[in-house]
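*Asks:* So here's structure_22.cif (mmCIF, C-alpha atoms and all ligand atoms; chains and numbers go by the auth columns).
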data_input
#
loop_
_atom_site.group_PDB
_atom_site.id
_atom_site.type_symbol
_atom_site.label_atom_id
_atom_site.label_comp_id
_atom_site.label_asym_id
_atom_site.label_seq_id
_atom_site.Cartn_x
_atom_site.Cartn_y
_atom_site.Cartn_z
_atom_site.B_iso_or_equiv
_atom_site.auth_seq_id
_atom_site.auth_asym_id
ATOM 1 C CA MET A 1 -6.286 26.923 -50.322 0.00 1 C
ATOM 2 C CA THR A 2 -9.311 28.346 -48.510 0.00 2 C
ATOM 3 C CA ASP A 3 -12.972 27.866 -49.413 0.00 3 C
ATOM 4 C CA ALA A 4 -12.972 31.451 -50.617 0.00 4 C
ATOM 5 C CA THR A 5 -10.930 30.496 -53.661 0.00 5 C
ATOM 6 C CA TYR A 6 -13.560 28.000 -54.852 0.00 6 C
ATOM 7 C CA ILE A 7 -16.166 29.429 -57.126 0.00 7 C
ATOM 8 C CA ARG A 8 -18.969 27.612 -58.903 0.00 8 C
ATOM 9 C CA GLY A 9 -17.586 25.307 -61.516 0.00 9 C
ATOM 10 C CA GLY A 10 -13.902 25.532 -60.665 0.00 10 C
ATOM 11 C CA VAL A 11 -11.067 27.044 -58.723 0.00 11 C
ATOM 12 C CA ARG A 12 -10.464 30.733 -59.150 0.00 12 C
ATOM 13 C CA LYS A 13 -8.873 33.557 -57.239 0.00 13 C
ATOM 14 C CA ARG A 14 -11.000 36.473 -56.045 0.00 14 C
ATOM 15 C CA ARG A 15 -10.354 39.404 -58.294 0.00 15 C
ATOM 16 C CA LEU A 16 -9.358 42.857 -57.261 0.00 16 C
ATOM 17 C CA ILE A 17 -11.526 45.505 -58.953 0.00 17 C
ATOM 18 C CA VAL A 18 -9.559 48.432 -60.382 0.00 18 C
ATOM 19 C CA LEU A 19 -11.688 51.419 -61.268 0.00 19 C
ATOM 20 C CA THR A 20 -10.299 54.123 -63.537 0.00 20 C
ATOM 21 C CA GLY A 21 -11.815 56.993 -65.428 0.00 21 C
ATOM 22 C CA PRO A 22 -11.047 60.541 -66.395 0.00 22 C
ATOM 23 C CA THR A 23 -11.531 63.376 -63.981 0.00 23 C
ATOM 24 C CA ALA A 24 -15.196 64.380 -63.521 0.00 24 C
ATOM 25 C CA ALA A 25 -16.458 61.152 -65.113 0.00 25 C
ATOM 26 C CA GLY A 26 -18.261 60.734 -61.811 0.00 26 C
ATOM 27 C CA LYS A 27 -16.240 57.845 -60.310 0.00 27 C
ATOM 28 C CA GLY A 28 -16.737 59.195 -56.798 0.00 28 C
ATOM 29 C CA THR A 29 -20.496 59.590 -57.215 0.00 29 C
ATOM 30 C CA VAL A 30 -20.861 56.116 -58.697 0.00 30 C
ATOM 31 C CA GLU A 31 -18.829 54.612 -55.847 0.00 31 C
ATOM 32 C CA GLY A 32 -20.912 56.543 -53.327 0.00 32 C
ATOM 33 C CA ALA A 33 -24.157 55.180 -54.789 0.00 33 C
ATOM 34 C CA LEU A 34 -22.681 51.686 -54.891 0.00 34 C
ATOM 35 C CA ARG A 35 -21.440 51.698 -51.309 0.00 35 C
ATOM 36 C CA GLU A 36 -24.701 53.113 -50.007 0.00 36 C
ATOM 37 C CA ARG A 37 -26.432 49.993 -51.309 0.00 37 C
ATOM 38 C CA HIS A 38 -23.577 47.605 -50.597 0.00 38 C
ATOM 39 C CA PRO A 39 -21.654 48.844 -47.545 0.00 39 C
ATOM 40 C CA ASN A 40 -19.663 45.592 -47.428 0.00 40 C
ATOM 41 C CA ILE A 41 -17.493 46.822 -50.322 0.00 41 C
ATOM 42 C CA TRP A 42 -14.090 48.094 -49.272 0.00 42 C
ATOM 43 C CA LEU A 43 -12.580 51.009 -51.157 0.00 43 C
ATOM 44 C CA SER A 44 -8.835 51.289 -50.692 0.00 44 C
ATOM 45 C CA VAL A 45 -7.718 54.533 -49.041 0.00 45 C
ATOM 46 C CA SER A 46 -4.866 55.899 -51.146 0.00 46 C
ATOM 47 C CA ALA A 47 -1.959 57.975 -49.940 0.00 47 C
ATOM 48 C CA THR A 48 -1.400 61.354 -51.560 0.00 48 C
ATOM 49 C CA THR A 49 0.888 64.331 -51.277 0.00 49 C
ATOM 50 C CA ARG A 50 -1.841 66.760 -52.312 0.00 50 C
ATOM 51 C CA ALA A 51 -3.464 68.963 -49.670 0.00 51 C
ATOM 52 C CA PRO A 52 -6.869 67.955 -48.282 0.00 52 C
ATOM 53 C CA ARG A 53 -9.875 69.732 -49.779 0.00 53 C
ATOM 54 C CA PRO A 54 -12.486 71.137 -47.423 0.00 54 C
ATOM 55 C CA GLY A 55 -14.450 68.235 -45.988 0.00 55 C
ATOM 56 C CA GLU A 56 -11.733 65.638 -46.652 0.00 56 C
ATOM 57 C CA PHE A 57 -10.302 63.735 -43.711 0.00 57 C
ATOM 58 C CA ASN A 58 -7.057 61.890 -43.163 0.00 58 C
ATOM 59 C CA GLY A 59 -7.583 58.128 -43.225 0.00 59 C
ATOM 60 C CA ILE A 60 -11.069 58.452 -44.709 0.00 60 C
ATOM 61 C CA HIS A 61 -10.637 60.090 -48.114 0.00 61 C
ATOM 62 C CA TYR A 62 -6.876 59.734 -48.329 0.00 62 C
ATOM 63 C CA TRP A 63 -3.825 59.342 -46.172 0.00 63 C
ATOM 64 C CA PHE A 64 -2.379 62.819 -46.586 0.00 64 C
ATOM 65 C CA LEU A 65 1.401 62.506 -46.462 0.00 65 C
ATOM 66 C CA ASP A 66 4.219 64.956 -47.067 0.00 66 C
ATOM 67 C CA GLU A 67 6.737 64.197 -49.842 0.00 67 C
ATOM 68 C CA GLU A 68 9.296 62.856 -47.380 0.00 68 C
ATOM 69 C CA GLU A 69 6.923 60.368 -45.776 0.00 69 C
ATOM 70 C CA PHE A 70 5.543 59.338 -49.180 0.00 70 C
ATOM 71 C CA ASN A 71 9.074 58.676 -50.484 0.00 71 C
ATOM 72 C CA ARG A 72 10.009 56.760 -47.344 0.00 72 C
ATOM 73 C CA ARG A 73 7.080 54.427 -47.969 0.00 73 C
ATOM 74 C CA VAL A 74 8.017 54.073 -51.645 0.00 74 C
ATOM 75 C CA LYS A 75 11.543 52.995 -50.626 0.00 75 C
ATOM 76 C CA ASN A 76 10.058 50.643 -48.073 0.00 76 C
ATOM 77 C CA GLY A 77 8.085 48.881 -50.831 0.00 77 C
ATOM 78 C CA GLU A 78 4.745 49.676 -49.206 0.00 78 C
ATOM 79 C CA PHE A 79 2.916 50.602 -52.428 0.00 79 C
ATOM 80 C CA LEU A 80 1.226 48.400 -54.993 0.00 80 C
ATOM 81 C CA GLU A 81 1.525 51.331 -57.411 0.00 81 C
ATOM 82 C CA THR A 82 2.231 55.052 -57.366 0.00 82 C
ATOM 83 C CA ALA A 83 1.757 57.813 -59.909 0.00 83 C
ATOM 84 C CA LEU A 84 2.308 61.517 -60.335 0.00 84 C
ATOM 85 C CA VAL A 85 -1.213 62.648 -61.260 0.00 85 C
ATOM 86 C CA HIS A 86 -1.920 65.745 -63.365 0.00 86 C
ATOM 87 C CA GLY A 87 1.798 66.500 -62.928 0.00 87 C
ATOM 88 C CA MET A 88 0.942 67.926 -59.538 0.00 88 C
ATOM 89 C CA ALA A 89 0.849 65.406 -56.687 0.00 89 C
ATOM 90 C CA HIS A 90 1.863 61.837 -55.941 0.00 90 C
ATOM 91 C CA TYR A 91 -0.768 59.210 -55.264 0.00 91 C
ATOM 92 C CA GLY A 92 -0.285 55.587 -54.272 0.00 92 C
ATOM 93 C CA THR A 93 -2.130 52.436 -53.243 0.00 93 C
ATOM 94 C CA LEU A 94 -0.871 50.814 -50.059 0.00 94 C
ATOM 95 C CA LEU A 95 -0.385 47.125 -50.811 0.00 95 C
ATOM 96 C CA GLN A 96 -0.903 45.401 -47.464 0.00 96 C
ATOM 97 C CA PRO A 97 -4.476 46.552 -46.746 0.00 97 C
ATOM 98 C CA VAL A 98 -5.457 45.450 -50.275 0.00 98 C
ATOM 99 C CA LEU A 99 -4.020 41.971 -49.727 0.00 99 C
ATOM 100 C CA ASP A 100 -5.669 41.749 -46.287 0.00 100 C
ATOM 101 C CA HIS A 101 -9.134 42.575 -47.622 0.00 101 C
ATOM 102 C CA ILE A 102 -8.904 40.217 -50.584 0.00 102 C
ATOM 103 C CA GLU A 103 -7.736 37.493 -48.231 0.00 103 C
ATOM 104 C CA GLN A 104 -10.859 38.073 -46.111 0.00 104 C
ATOM 105 C CA ASN A 105 -13.005 37.803 -49.242 0.00 105 C
ATOM 106 C CA ILE A 106 -14.205 41.387 -48.903 0.00 106 C
ATOM 107 C CA PRO A 107 -15.029 42.958 -52.302 0.00 107 C
ATOM 108 C CA THR A 108 -12.017 45.231 -52.815 0.00 108 C
ATOM 109 C CA LEU A 109 -11.997 48.264 -55.046 0.00 109 C
ATOM 110 C CA LEU A 110 -9.175 50.600 -56.083 0.00 110 C
ATOM 111 C CA GLU A 111 -10.024 53.956 -57.612 0.00 111 C
ATOM 112 C CA ILE A 112 -6.856 55.046 -59.365 0.00 112 C
ATOM 113 C CA ASP A 113 -5.718 56.866 -62.472 0.00 113 C
ATOM 114 C CA LEU A 114 -4.710 55.337 -65.808 0.00 114 C
ATOM 115 C CA GLN A 115 -0.990 55.238 -65.025 0.00 115 C
ATOM 116 C CA GLY A 116 -1.784 53.430 -61.773 0.00 116 C
ATOM 117 C CA ALA A 117 -4.010 50.897 -63.541 0.00 117 C
ATOM 118 C CA ARG A 118 -1.181 50.191 -65.992 0.00 118 C
ATOM 119 C CA ARG A 119 1.277 49.701 -63.113 0.00 119 C
ATOM 120 C CA VAL A 120 -1.111 47.280 -61.433 0.00 120 C
ATOM 121 C CA LYS A 121 -1.209 45.368 -64.744 0.00 121 C
ATOM 122 C CA GLN A 122 2.583 45.096 -64.643 0.00 122 C
ATOM 123 C CA GLU A 123 2.714 44.033 -60.986 0.00 123 C
ATOM 124 C CA ALA A 124 -0.367 41.823 -60.703 0.00 124 C
ATOM 125 C CA SER A 125 1.075 38.493 -61.758 0.00 125 C
ATOM 126 C CA ARG A 126 4.208 38.919 -59.601 0.00 126 C
ATOM 127 C CA LEU A 127 1.945 39.518 -56.614 0.00 127 C
ATOM 128 C CA GLY A 128 -0.456 36.727 -57.530 0.00 128 C
ATOM 129 C CA LEU A 129 -3.313 39.176 -57.950 0.00 129 C
ATOM 130 C CA ASP A 130 -6.127 38.551 -60.363 0.00 130 C
ATOM 131 C CA VAL A 131 -7.614 41.871 -61.434 0.00 131 C
ATOM 132 C CA VAL A 132 -10.643 43.085 -63.351 0.00 132 C
ATOM 133 C CA TYR A 133 -10.153 46.527 -64.892 0.00 133 C
ATOM 134 C CA VAL A 134 -13.212 48.781 -65.092 0.00 134 C
ATOM 135 C CA PHE A 135 -13.319 52.105 -66.914 0.00 135 C
ATOM 136 C CA ILE A 136 -15.932 54.714 -65.963 0.00 136 C
ATOM 137 C CA ALA A 137 -16.503 57.014 -68.930 0.00 137 C
ATOM 138 C CA PRO A 138 -18.475 60.250 -69.106 0.00 138 C
ATOM 139 C CA PRO A 139 -21.197 60.345 -71.785 0.00 139 C
ATOM 140 C CA SER A 140 -18.995 62.732 -73.796 0.00 140 C
ATOM 141 C CA PHE A 141 -15.961 64.989 -73.490 0.00 141 C
ATOM 142 C CA GLU A 142 -18.263 68.040 -73.540 0.00 142 C
ATOM 143 C CA GLU A 143 -20.247 66.674 -70.619 0.00 143 C
ATOM 144 C CA LEU A 144 -17.016 65.984 -68.723 0.00 144 C
ATOM 145 C CA LYS A 145 -15.923 69.573 -69.285 0.00 145 C
ATOM 146 C CA ARG A 146 -19.295 70.842 -68.088 0.00 146 C
ATOM 147 C CA ARG A 147 -19.111 68.704 -64.910 0.00 147 C
ATOM 148 C CA LEU A 148 -15.528 69.691 -64.140 0.00 148 C
ATOM 149 C CA ILE A 149 -16.174 73.400 -64.487 0.00 149 C
ATOM 150 C CA GLY A 150 -19.558 73.091 -62.752 0.00 150 C
ATOM 151 C CA ARG A 151 -18.182 71.487 -59.576 0.00 151 C
ATOM 152 C CA GLY A 152 -15.839 74.439 -59.169 0.00 152 C
ATOM 153 C CA THR A 153 -13.309 72.675 -56.905 0.00 153 C
ATOM 154 C CA GLU A 154 -10.291 73.474 -59.110 0.00 154 C
ATOM 155 C CA THR A 155 -8.695 76.678 -60.324 0.00 155 C
ATOM 156 C CA PRO A 156 -8.871 77.373 -64.089 0.00 156 C
ATOM 157 C CA GLU A 157 -5.235 76.249 -64.376 0.00 157 C
ATOM 158 C CA GLN A 158 -5.971 72.974 -62.560 0.00 158 C
ATOM 159 C CA GLN A 159 -9.067 72.477 -64.715 0.00 159 C
ATOM 160 C CA ALA A 160 -6.996 72.859 -67.877 0.00 160 C
ATOM 161 C CA LYS A 161 -4.477 70.249 -66.626 0.00 161 C
ATOM 162 C CA ARG A 162 -7.263 67.844 -65.727 0.00 162 C
ATOM 163 C CA LEU A 163 -8.904 68.253 -69.136 0.00 163 C
ATOM 164 C CA GLU A 164 -5.596 67.495 -70.834 0.00 164 C
ATOM 165 C CA THR A 165 -5.182 64.334 -68.757 0.00 165 C
ATOM 166 C CA ALA A 166 -8.823 63.407 -69.378 0.00 166 C
ATOM 167 C CA LYS A 167 -8.316 63.418 -73.159 0.00 167 C
ATOM 168 C CA VAL A 168 -5.433 60.977 -72.846 0.00 168 C
ATOM 169 C CA GLU A 169 -7.353 58.796 -70.396 0.00 169 C
ATOM 170 C CA MET A 170 -10.501 58.613 -72.517 0.00 170 C
ATOM 171 C CA ALA A 171 -8.459 57.313 -75.430 0.00 171 C
ATOM 172 C CA ALA A 172 -7.340 54.382 -73.248 0.00 172 C
ATOM 173 C CA ALA A 173 -10.815 52.963 -72.521 0.00 173 C
ATOM 174 C CA GLY A 174 -10.071 50.032 -74.854 0.00 174 C
ATOM 175 C CA GLU A 175 -7.414 48.701 -72.431 0.00 175 C
ATOM 176 C CA PHE A 176 -10.092 47.863 -69.860 0.00 176 C
ATOM 177 C CA ASP A 177 -12.149 44.690 -69.351 0.00 177 C
ATOM 178 C CA VAL A 178 -15.386 46.598 -68.760 0.00 178 C
ATOM 179 C CA VAL A 179 -16.428 50.129 -69.780 0.00 179 C
ATOM 180 C CA ILE A 180 -19.318 51.734 -67.901 0.00 180 C
ATOM 181 C CA VAL A 181 -20.748 54.943 -69.328 0.00 181 C
ATOM 182 C CA ASN A 182 -21.893 57.162 -66.499 0.00 182 C
ATOM 183 C CA ASP A 183 -24.928 58.808 -68.065 0.00 183 C
ATOM 184 C CA ASP A 184 -26.988 57.976 -64.997 0.00 184 C
ATOM 185 C CA VAL A 185 -25.401 57.410 -61.573 0.00 185 C
ATOM 186 C CA ASN A 186 -27.810 54.704 -60.413 0.00 186 C
ATOM 187 C CA HIS A 187 -27.534 52.846 -63.670 0.00 187 C
ATOM 188 C CA ALA A 188 -23.719 53.021 -63.581 0.00 188 C
ATOM 189 C CA ALA A 189 -23.654 51.895 -59.929 0.00 189 C
ATOM 190 C CA ASN A 190 -25.843 48.903 -60.815 0.00 190 C
ATOM 191 C CA GLU A 191 -23.538 47.951 -63.675 0.00 191 C
ATOM 192 C CA LEU A 192 -20.524 48.171 -61.382 0.00 192 C
ATOM 193 C CA TRP A 193 -22.304 46.060 -58.793 0.00 193 C
ATOM 194 C CA ASP A 194 -22.985 43.404 -61.457 0.00 194 C
ATOM 195 C CA VAL A 195 -19.245 43.201 -62.151 0.00 195 C
ATOM 196 C CA ILE A 196 -18.414 42.885 -58.447 0.00 196 C
ATOM 197 C CA ALA A 197 -21.181 40.404 -57.718 0.00 197 C
ATOM 198 C CA LYS A 198 -19.929 38.175 -60.524 0.00 198 C
ATOM 199 C CA GLU A 199 -16.339 38.297 -59.313 0.00 199 C
ATOM 200 C CA TYR A 200 -17.229 37.627 -55.688 0.00 200 C
ATOM 201 C CA ASP A 201 -20.080 35.230 -56.376 0.00 201 C
ATOM 202 C CA LEU A 202 -22.505 37.426 -54.387 0.00 202 C
HETATM 203 P P1 LIG B . -8.276 63.723 -56.667 0.00 1 F
HETATM 204 O O1 LIG B . -7.117 64.618 -56.407 0.00 1 F
HETATM 205 O O2 LIG B . -9.352 64.402 -57.473 0.00 1 F
HETATM 206 O O3 LIG B . -8.821 63.082 -55.414 0.00 1 F
HETATM 207 O O4 LIG B . -7.744 62.507 -57.554 0.00 1 F
HETATM 208 C C1 LIG B . -7.067 62.785 -58.732 0.00 1 F
HETATM 209 C C2 LIG B . -6.804 61.498 -59.460 0.00 1 F
HETATM 210 O O5 LIG B . -5.938 60.669 -58.716 0.00 1 F
HETATM 211 C C3 LIG B . -8.051 60.663 -59.759 0.00 1 F
HETATM 212 O O6 LIG B . -8.028 60.317 -61.130 0.00 1 F
HETATM 213 C C4 LIG B . -7.859 59.436 -58.929 0.00 1 F
HETATM 214 O O7 LIG B . -8.384 58.302 -59.576 0.00 1 F
HETATM 215 C C5 LIG B . -6.358 59.337 -58.841 0.00 1 F
HETATM 216 N N1 LIG B . -5.909 58.562 -57.690 0.00 1 F
HETATM 217 C C6 LIG B . -6.406 58.563 -56.433 0.00 1 F
HETATM 218 N N2 LIG B . -5.750 57.691 -55.665 0.00 1 F
HETATM 219 C C7 LIG B . -4.815 57.108 -56.459 0.00 1 F
HETATM 220 C C8 LIG B . -3.824 56.099 -56.245 0.00 1 F
HETATM 221 O O8 LIG B . -3.655 55.547 -55.166 0.00 1 F
HETATM 222 N N3 LIG B . -3.047 55.802 -57.303 0.00 1 F
HETATM 223 C C9 LIG B . -3.191 56.379 -58.523 0.00 1 F
HETATM 224 N N4 LIG B . -2.385 55.986 -59.496 0.00 1 F
HETATM 225 N N5 LIG B . -4.103 57.319 -58.767 0.00 1 F
HETATM 226 C C10 LIG B . -4.909 57.671 -57.742 0.00 1 F
#
Now that the file is in, can you turn its structure into structure tokens?

*Replies:*
Amino acid sequence: MTDATYIRGGVRKRRLIVLTGPTAAGKGTVEGALRERHPNIWLSVSATTRAPRPGEFNGIHYWFLDEEEFNRRVKNGEFLETALVHGMAHYGTLLQPVLDHIEQNIPTLLEIDLQGARRVKQEASRLGLDVVYVFIAPPSFEELKRRLIGRGTETPEQQAKRLETAKVEMAAAGEFDVVIVNDDVNHAANELWDVIAKEYDL
């Protein structure tokens, strides 16, 4: 056992932080604000079969893989979890980089959808991972709708799919250890930092 596993008052594993929230709840903005202040946080780079949006880069925002390569990695057991999101594209968290960062005591964050968070719950004990589940909620469904339509990055059909998924996801907030309402980005980022700082004794 390394020193990193000792925390004030006892022995505890470092916890992986899993961040989930419906589309347009502002997860990305909150993470951005958080990492600006605390660049030591590592956000896992997921793999996806969806096409890059303008301004997205391979290895930075996602690992953009075709279906064949994604499936090869699934068969190879390289993912901690995978999910088909909005019924449109596959997404997955690569396991090894997550384990490596936790091992190095680097605050490690996954930003994944509800299905993914549930899969992590199923897998965590087998993998010896201790996880804290954080839900980022929009102030209201109306506000979420306004943000989604306002950002204009999806077609009306994609927006409708995302709103459907968002309804289901918002109903699941009770499954999470911590719920952060994103009514103000800086406030939400501070709340998220408090969770991380507690877990990593920072
Ligand atoms: P976007 O296409 O807007 O980047 O992401 C769509 C959704 O996929 C978001 O809700 C995001 O949290 C989720 N997502 C991104 N990466 C992963 C992942 O590795 N696993 C899972 N399950 N969901 C992911």

*Asks:* At a cut-off of 10 Å around ligand LIG 1 (chain F), and using only C-alpha atoms and all ligand atoms, what residues come up? Please write them as a PyMOL selection string.

*Replies:* chain C and resi 18-25+27-28+44-53+56+61-63+79-86+88-94+110-120+153-154+162+165-166+169

*Asks:* Counting all atoms listed in the file, what is within 12 Å of Arg146 in chain C, bar same-chain residues fewer than 4 positions away, as a PyMOL selection string?

*Replies:* chain C and resi 23-26+138-142+150-152+159+163

*Asks:* Considering all atoms listed in the file, return as a PDB file with C-alpha atoms, in the coordinates of the input whatever protein or nucleic-acid residues lie within 10 Å of Asp177 in chain C, sequence-local ones (same chain, fewer than 4 positions apart) excluded.

*Replies:*
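Below is the file that was written, part32.pdb:
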ATOM      1  CA  VAL C 131      -7.614  41.871 -61.434  1.00  0.00           C
ATOM      2  CA  VAL C 132     -10.643  43.085 -63.351  1.00  0.00           C
ATOM      3  CA  TYR C 133     -10.153  46.527 -64.892  1.00  0.00           C
ATOM      4  CA  VAL C 134     -13.212  48.781 -65.092  1.00  0.00           C
ATOM      5  CA  PHE C 135     -13.319  52.105 -66.914  1.00  0.00           C
ATOM      6  CA  ALA C 173     -10.815  52.963 -72.521  1.00  0.00           C
TER       7      ALA C 173
END

*Asks:* Go through C:Ser125, C:Asn71, C:Gln96, C:Thr108 one by one, measure the shortest atom-to-atom distance of each to Ile41 in chain C using only C-alpha atoms, and give the residue with the smallest value.

*Replies:*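 Between C:Ser125, C:Asn71, C:Gln96, C:Thr108, the residue approaching Ile41 in chain C most closely is C:Thr108.
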
*Asks:* So what do you get for CA of Gln122 in chain C versus CA of Val98 in chain C, distance-wise?

*Replies:*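 If I compute the distance from CA of Gln122 in chain C to CA of Val98 in chain C, I get 16.5 Å.
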
*Asks:* Check the smallest atom-to-atom distance from each of C:Ala160, C:Ile102, C:Val181, C:Leu16 to Gly87 in chain C using only C-alpha atoms, then report the winner.

*Replies:*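 Using only C-alpha atoms, the shortest distance to Gly87 in chain C belongs to C:Ala160.
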
*Asks:* Please report the interatomic distance between CA of Lys145 in chain C and CA of Lys167 in chain C in Å with one decimal.

*Replies:*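 Spanning CA of Lys145 in chain C to CA of Lys167 in chain C is a straight-line distance of 10.5 Å.
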
*Asks:* Restricting the calculation to only C-alpha atoms: of C:Glu123, C:Asp201, C:Glu191, C:Asp183, which residue gets closest to Glu143 in chain C?

*Replies:*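 Closest to Glu143 in chain C of all the choices is C:Asp183.
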
*Asks:* Which is closest to Pro107 in chain C among C:Ala33, C:Leu148, C:Trp42, C:Asn190, if we use all atoms listed in the file?

*Replies:* C:Trp42

*Asks:* One decimal, Å: what's the distance from CA of Ile136 in chain C over to CA of Ala188 in chain C, could you say?

*Replies:* 8.3 Å

*Asks:* Because some atoms of range 137-151 of chain C are absent here, can you restore N, CA, C and O atoms and send them as a compact mmCIF listing (two decimals), keeping the file's coordinate frame?

*Replies:*
# COMPACT_ATOMS: atom_id res chain seq x y z
N ALA C 137 -16.62 55.96 -67.91
CA ALA C 137 -16.50 57.01 -68.93
C ALA C 137 -17.64 58.01 -68.78
O ALA C 137 -18.76 57.62 -68.44
N PRO C 138 -17.37 59.27 -69.06
CA PRO C 138 -18.48 60.25 -69.11
C PRO C 138 -19.23 60.04 -70.42
O PRO C 138 -18.68 59.46 -71.35
N PRO C 139 -20.47 60.53 -70.53
CA PRO C 139 -21.20 60.34 -71.78
C PRO C 139 -20.47 60.98 -72.96
O PRO C 139 -20.54 60.49 -74.08
N SER C 140 -19.75 62.09 -72.72
CA SER C 140 -19.00 62.73 -73.80
C SER C 140 -17.94 63.64 -73.17
O SER C 140 -18.01 63.96 -71.98
N PHE C 141 -17.00 64.09 -74.00
CA PHE C 141 -15.96 64.99 -73.49
C PHE C 141 -16.58 66.33 -73.08
O PHE C 141 -16.19 66.93 -72.09
N GLU C 142 -17.59 66.77 -73.85
CA GLU C 142 -18.26 68.04 -73.54
C GLU C 142 -18.93 67.99 -72.17
O GLU C 142 -18.87 68.92 -71.38
N GLU C 143 -19.56 66.85 -71.91
CA GLU C 143 -20.25 66.67 -70.62
C GLU C 143 -19.22 66.66 -69.48
O GLU C 143 -19.43 67.24 -68.41
N LEU C 144 -18.09 66.02 -69.73
CA LEU C 144 -17.02 65.98 -68.72
C LEU C 144 -16.55 67.41 -68.39
O LEU C 144 -16.38 67.78 -67.23
N LYS C 145 -16.38 68.19 -69.45
CA LYS C 145 -15.92 69.57 -69.28
C LYS C 145 -16.95 70.36 -68.45
O LYS C 145 -16.60 71.11 -67.54
N ARG C 146 -18.21 70.15 -68.79
CA ARG C 146 -19.30 70.84 -68.09
C ARG C 146 -19.29 70.47 -66.60
O ARG C 146 -19.39 71.31 -65.72
N ARG C 147 -19.11 69.17 -66.31
CA ARG C 147 -19.11 68.70 -64.91
C ARG C 147 -17.91 69.26 -64.15
O ARG C 147 -18.02 69.69 -63.01
N LEU C 148 -16.76 69.24 -64.80
CA LEU C 148 -15.53 69.69 -64.14
C LEU C 148 -15.62 71.17 -63.78
O LEU C 148 -15.31 71.57 -62.65
N ILE C 149 -16.08 71.96 -64.73
CA ILE C 149 -16.17 73.40 -64.49
C ILE C 149 -17.30 73.67 -63.48
O ILE C 149 -17.16 74.47 -62.57
N GLY C 150 -18.40 72.92 -63.62
CA GLY C 150 -19.56 73.09 -62.75
C GLY C 150 -19.27 72.81 -61.29
O GLY C 150 -19.80 73.48 -60.41
N ARG C 151 -18.41 71.82 -60.99
CA ARG C 151 -18.18 71.49 -59.58
C ARG C 151 -17.31 72.53 -58.89
O ARG C 151 -17.34 72.65 -57.66
